[in-house]
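final.pdb (PDB, C-alpha atoms)
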MODEL        1
ATOM      1  CA  MET A  23       0.664 123.513 -62.085
ATOM      2  CA  ILE A  24      -1.554 126.354 -63.239
ATOM      3  CA  ARG A  25      -1.186 129.561 -61.316
ATOM      4  CA  ALA A  26      -4.402 131.397 -60.489
ATOM      5  CA  GLN A  27      -4.758 134.807 -62.128
ATOM      6  CA  HIS A  28      -4.871 137.682 -59.670
ATOM      7  CA  TYR A  29      -6.440 140.981 -60.634
ATOM      8  CA  SER A  30      -5.898 144.412 -59.131
ATOM      9  CA  ALA A  31      -8.806 146.069 -57.341
ATOM     10  CA  VAL A  32      -9.229 148.480 -60.270
ATOM     11  CA  VAL A  33      -9.425 145.625 -62.784
ATOM     12  CA  GLU A  34     -11.911 143.737 -60.614
ATOM     13  CA  GLN A  35     -14.096 146.839 -60.210
ATOM     14  CA  HIS A  36     -14.145 147.797 -63.897
ATOM     15  CA  PHE A  37     -14.585 144.223 -65.098
ATOM     16  CA  ALA A  38     -17.499 143.628 -62.721
ATOM     17  CA  GLN A  39     -19.134 146.979 -63.536
ATOM     18  CA  PRO A  40     -17.665 148.370 -66.746
ATOM     19  CA  GLN A  41     -18.435 152.019 -67.347
ATOM     20  CA  TYR A  42     -19.736 153.163 -70.728
ATOM     21  CA  ALA A  43     -19.920 149.689 -72.279
ATOM     22  CA  GLY A  44     -22.228 149.344 -75.269
ATOM     23  CA  PRO A  45     -23.299 151.432 -78.231
ATOM     24  CA  LEU A  46     -23.175 155.219 -78.292
ATOM     25  CA  ASN A  47     -26.498 156.993 -77.861
ATOM     26  CA  GLY A  48     -27.199 160.682 -78.290
ATOM     27  CA  THR A  49     -26.686 163.449 -80.808
ATOM     28  CA  TYR A  50     -23.254 164.936 -81.399
ATOM     29  CA  GLU A  51     -21.538 167.150 -83.963
ATOM     30  CA  ALA A  52     -19.480 164.126 -85.002
ATOM     31  CA  VAL A  53     -19.428 160.436 -84.177
ATOM     32  CA  LEU A  54     -16.291 158.357 -84.589
ATOM     33  CA  SER A  55     -15.999 154.599 -84.350
ATOM     34  CA  ALA A  56     -12.895 152.478 -84.760
ATOM     35  CA  ALA A  57     -11.966 148.878 -84.097
ATOM     36  CA  ALA A  58      -8.738 146.972 -83.544
ATOM     37  CA  GLY A  59      -7.792 143.402 -82.844
ATOM     38  CA  GLN A  60      -9.516 140.247 -83.952
ATOM     39  CA  ARG A  61     -12.039 138.229 -82.027
ATOM     40  CA  GLU A  62     -10.527 135.064 -83.509
ATOM     41  CA  GLN A  63      -7.218 136.030 -81.881
ATOM     42  CA  GLY A  64      -8.847 136.604 -78.494
ATOM     43  CA  THR A  65      -9.142 140.393 -78.343
ATOM     44  CA  GLU A  66     -11.300 142.852 -80.240
ATOM     45  CA  VAL A  67     -12.037 146.418 -79.170
ATOM     46  CA  VAL A  68     -14.364 149.016 -80.693
ATOM     47  CA  PHE A  69     -14.560 152.579 -79.395
ATOM     48  CA  HIS A  70     -17.411 154.967 -80.224
ATOM     49  CA  ILE A  71     -16.840 158.670 -79.571
ATOM     50  CA  GLY A  72     -19.367 161.503 -79.700
ATOM     51  CA  ILE A  73     -17.643 164.838 -80.287
ATOM     52  CA  THR A  74     -19.055 168.292 -79.657
ATOM     53  CA  ALA A  75     -16.976 171.469 -80.039
ATOM     54  CA  GLY A  76     -13.758 169.467 -80.378
ATOM     55  CA  ARG A  77     -14.278 167.644 -77.081
ATOM     56  CA  ILE A  78     -15.115 164.038 -76.274
ATOM     57  CA  ASP A  79     -18.709 164.562 -75.209
ATOM     58  CA  ALA A  80     -19.396 160.846 -74.793
ATOM     59  CA  MET A  81     -17.396 157.676 -75.275
ATOM     60  CA  THR A  82     -18.389 154.025 -75.189
ATOM     61  CA  PHE A  83     -16.722 150.738 -75.983
ATOM     62  CA  GLN A  84     -17.504 147.214 -77.013
ATOM     63  CA  ALA A  85     -14.859 144.617 -76.239
ATOM     64  CA  PHE A  86     -14.252 140.927 -76.526
ATOM     65  CA  GLY A  87     -11.325 139.818 -74.428
ATOM     66  CA  CYS A  88      -9.922 139.127 -71.014
ATOM     67  CA  PRO A  89     -10.888 141.037 -67.839
ATOM     68  CA  HIS A  90      -7.800 143.247 -68.262
ATOM     69  CA  THR A  91      -8.950 144.368 -71.712
ATOM     70  CA  ILE A  92     -12.470 145.185 -70.583
ATOM     71  CA  ALA A  93     -11.231 147.005 -67.481
ATOM     72  CA  ALA A  94      -8.733 149.055 -69.500
ATOM     73  CA  CYS A  95     -11.448 150.136 -71.954
ATOM     74  CA  SER A  96     -13.725 151.085 -69.064
ATOM     75  CA  VAL A  97     -11.003 153.116 -67.356
ATOM     76  CA  LEU A  98     -10.163 154.946 -70.586
ATOM     77  CA  THR A  99     -13.750 155.889 -71.349
ATOM     78  CA  GLU A 100     -14.001 157.433 -67.885
ATOM     79  CA  ARG A 101     -10.689 159.274 -68.211
ATOM     80  CA  LEU A 102     -11.219 160.623 -71.708
ATOM     81  CA  THR A 103     -14.841 161.779 -71.518
ATOM     82  CA  GLY A 104     -14.921 165.584 -71.362
ATOM     83  CA  LEU A 105     -11.388 166.061 -72.687
ATOM     84  CA  PRO A 106     -10.327 167.539 -76.038
ATOM     85  CA  ILE A 107     -10.069 165.008 -78.864
ATOM     86  CA  ALA A 108      -6.289 165.582 -78.807
ATOM     87  CA  ALA A 109      -6.204 163.663 -75.502
ATOM     88  CA  LEU A 110      -6.385 160.478 -77.585
ATOM     89  CA  ASP A 111      -2.771 161.188 -78.575
ATOM     90  CA  ASP A 112      -1.637 161.118 -74.954
ATOM     91  CA  ILE A 113      -2.581 157.528 -74.134
ATOM     92  CA  GLU A 114       0.493 155.426 -73.417
ATOM     93  CA  PRO A 115      -0.028 151.655 -73.213
ATOM     94  CA  ALA A 116       2.717 151.266 -70.594
ATOM     95  CA  ASP A 117       1.123 153.906 -68.355
ATOM     96  CA  LEU A 118      -2.298 152.309 -68.741
ATOM     97  CA  ALA A 119      -0.861 148.882 -67.912
ATOM     98  CA  ALA A 120       0.894 150.281 -64.841
ATOM     99  CA  SER A 121      -2.261 152.026 -63.594
ATOM    100  CA  LEU A 122      -4.101 148.691 -63.746
ATOM    101  CA  ASP A 123      -1.165 146.674 -62.365
ATOM    102  CA  LEU A 124      -1.259 144.416 -65.414
ATOM    103  CA  PRO A 125       1.146 141.537 -65.897
ATOM    104  CA  VAL A 126       3.667 142.105 -68.684
ATOM    105  CA  GLU A 127       2.098 139.380 -70.828
ATOM    106  CA  LYS A 128      -1.004 141.591 -71.209
ATOM    107  CA  THR A 129       0.935 144.401 -72.912
ATOM    108  CA  GLY A 130      -0.313 143.289 -76.328
ATOM    109  CA  ARG A 131      -3.895 143.934 -75.235
ATOM    110  CA  MET A 132      -2.997 147.524 -74.356
ATOM    111  CA  LEU A 133      -1.432 147.955 -77.806
ATOM    112  CA  ILE A 134      -4.689 146.805 -79.422
ATOM    113  CA  ILE A 135      -6.557 149.403 -77.368
ATOM    114  CA  GLU A 136      -4.044 152.049 -78.426
ATOM    115  CA  ASP A 137      -4.565 151.057 -82.082
ATOM    116  CA  ALA A 138      -8.325 151.579 -81.790
ATOM    117  CA  LEU A 139      -7.837 154.994 -80.169
ATOM    118  CA  ARG A 140      -5.338 156.043 -82.848
ATOM    119  CA  LYS A 141      -7.822 155.005 -85.535
ATOM    120  CA  CYS A 142     -10.457 157.205 -83.870
ATOM    121  CA  ARG A 143      -8.038 160.126 -83.904
ATOM    122  CA  ALA A 144      -7.166 159.491 -87.558
ATOM    123  CA  ALA A 145     -10.878 159.402 -88.423
ATOM    124  CA  TRP A 146     -11.288 162.789 -86.721
ATOM    125  CA  ASP A 147      -8.314 164.260 -88.591
ATOM    126  CA  ASN A 148      -9.596 162.884 -91.918
ATOM    127  CA  ARG A 149     -13.046 164.288 -91.222
ATOM    128  CA  ARG A 150     -11.634 167.734 -90.484
ATOM    129  CA  LEU A 151      -9.437 167.669 -93.600
ATOM    130  CA  GLY A 152     -12.483 166.773 -95.681
ATOM    131  CA  GLN A 153     -14.347 169.824 -94.365
ATOM    132  CA  GLN A 154     -11.650 172.310 -95.369
TER
ENDMDL
END

Represent the supplied structure as structure tokens.
Amino acid sequence: MIRAQHYSAVVEQHFAQPQYAGPLNGTYEAVLSAAAGQREQGTEVVFHIGITAGRIDAMTFQAFGCPHTIAACSVLTERLTGLPIAALDDIEPADLAASLDLPVEKTGRMLIIEDALRKCRAAWDNRRLGQQ
């Protein structure tokens, strides 16, 4: 017997109306993009971040995956926009999963999202090192 998947209200809301999905538009001091996961494996996430004065001025995502993955990306883009770029270091997959009431078997999706965010942060650090 196949059990029906139940989604939290937050997952349903962000999956039905994801915030900041799509390409990044606008002009920023720096633009970062990073991907993680593989579409062939069922989950791929790309984040695009526009940075001005060391802050996340705008953030968008493109995702292929389950409703939990899309909702998590949507929630993160809302949470991180306006914060310093260092806020990317503070994302904990377990906390994100708990805030969305995700089943434990979706933990791997949150790790893919974390990988993409860490790659964005590394791109920022590499960019800054190159300017010194």

Expansion of the PyMOL selection byres ((chain A and resi 134) around 8) into residues, as an MDAnalysis selection string: chainID A and resid 58:59 65:67 130:133 135:138

What does the PyMOL selection byres ((chain A and resi 93) around 12) select in this file, as a PDB file with C-alpha atoms, keeping the file's coordinate frame?
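File produced: result.pdb:
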ATOM      1  CA  TYR A  29      -6.440 140.981 -60.634  1.00  0.00           C
ATOM      2  CA  SER A  30      -5.898 144.412 -59.131  1.00  0.00           C
ATOM      3  CA  ALA A  31      -8.806 146.069 -57.341  1.00  0.00           C
ATOM      4  CA  VAL A  32      -9.229 148.480 -60.270  1.00  0.00           C
ATOM      5  CA  VAL A  33      -9.425 145.625 -62.784  1.00  0.00           C
ATOM      6  CA  GLU A  34     -11.911 143.737 -60.614  1.00  0.00           C
ATOM      7  CA  GLN A  35     -14.096 146.839 -60.210  1.00  0.00           C
ATOM      8  CA  HIS A  36     -14.145 147.797 -63.897  1.00  0.00           C
ATOM      9  CA  PHE A  37     -14.585 144.223 -65.098  1.00  0.00           C
ATOM     10  CA  ALA A  38     -17.499 143.628 -62.721  1.00  0.00           C
ATOM     11  CA  GLN A  39     -19.134 146.979 -63.536  1.00  0.00           C
ATOM     12  CA  PRO A  40     -17.665 148.370 -66.746  1.00  0.00           C
ATOM     13  CA  GLN A  41     -18.435 152.019 -67.347  1.00  0.00           C
ATOM     14  CA  TYR A  42     -19.736 153.163 -70.728  1.00  0.00           C
ATOM     15  CA  ALA A  43     -19.920 149.689 -72.279  1.00  0.00           C
ATOM     16  CA  VAL A  67     -12.037 146.418 -79.170  1.00  0.00           C
ATOM     17  CA  PHE A  83     -16.722 150.738 -75.983  1.00  0.00           C
ATOM     18  CA  GLN A  84     -17.504 147.214 -77.013  1.00  0.00           C
ATOM     19  CA  ALA A  85     -14.859 144.617 -76.239  1.00  0.00           C
ATOM     20  CA  PHE A  86     -14.252 140.927 -76.526  1.00  0.00           C
ATOM     21  CA  GLY A  87     -11.325 139.818 -74.428  1.00  0.00           C
ATOM     22  CA  CYS A  88      -9.922 139.127 -71.014  1.00  0.00           C
ATOM     23  CA  PRO A  89     -10.888 141.037 -67.839  1.00  0.00           C
ATOM     24  CA  HIS A  90      -7.800 143.247 -68.262  1.00  0.00           C
ATOM     25  CA  THR A  91      -8.950 144.368 -71.712  1.00  0.00           C
ATOM     26  CA  ILE A  92     -12.470 145.185 -70.583  1.00  0.00           C
ATOM     27  CA  ALA A  94      -8.733 149.055 -69.500  1.00  0.00           C
ATOM     28  CA  CYS A  95     -11.448 150.136 -71.954  1.00  0.00           C
ATOM     29  CA  SER A  96     -13.725 151.085 -69.064  1.00  0.00           C
ATOM     30  CA  VAL A  97     -11.003 153.116 -67.356  1.00  0.00           C
ATOM     31  CA  LEU A  98     -10.163 154.946 -70.586  1.00  0.00           C
ATOM     32  CA  THR A  99     -13.750 155.889 -71.349  1.00  0.00           C
ATOM     33  CA  GLU A 100     -14.001 157.433 -67.885  1.00  0.00           C
ATOM     34  CA  LEU A 118      -2.298 152.309 -68.741  1.00  0.00           C
ATOM     35  CA  ALA A 119      -0.861 148.882 -67.912  1.00  0.00           C
ATOM     36  CA  SER A 121      -2.261 152.026 -63.594  1.00  0.00           C
ATOM     37  CA  LEU A 122      -4.101 148.691 -63.746  1.00  0.00           C
ATOM     38  CA  ASP A 123      -1.165 146.674 -62.365  1.00  0.00           C
ATOM     39  CA  LEU A 124      -1.259 144.416 -65.414  1.00  0.00           C
ATOM     40  CA  ARG A 131      -3.895 143.934 -75.235  1.00  0.00           C
ATOM     41  CA  MET A 132      -2.997 147.524 -74.356  1.00  0.00           C
ATOM     42  CA  ILE A 135      -6.557 149.403 -77.368  1.00  0.00           C
TER      43      ILE A 135
END

Once the PyMOL selection byres ((chain A and resi 102) around 10) has been evaluated on this model, what residues remain selected, and can you format them as a list of chain:residue names?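 Selection result, ordered by chain and number: A:Ile71, A:Arg77, A:Ile78, A:Asp79, A:Ala80, A:Met81, A:Val97, A:Leu98, A:Thr99, A:Glu100, A:Arg101, A:Thr103, A:Gly104, A:Leu105, A:Pro106, A:Ile107, A:Ala108, A:Ala109, A:Leu110, A:Ile113.
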
To one decimal place in Å, what is the distance between CA of Lys141 in chain A and CA of Gly44 in chain A? 18.6 Å

Could you check how far CA of Pro45 in chain A sits from CA of Ala75 in chain A, in Å to one decimal?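 Going from CA of Pro45 in chain A over to CA of Ala75 in chain A covers 21.1 Å.
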
Interatomic distance, CA of Thr74 in chain A to CA of Gly152 in chain A (Å, one decimal):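 Spanning CA of Thr74 in chain A to CA of Gly152 in chain A is a straight-line distance of 17.4 Å.
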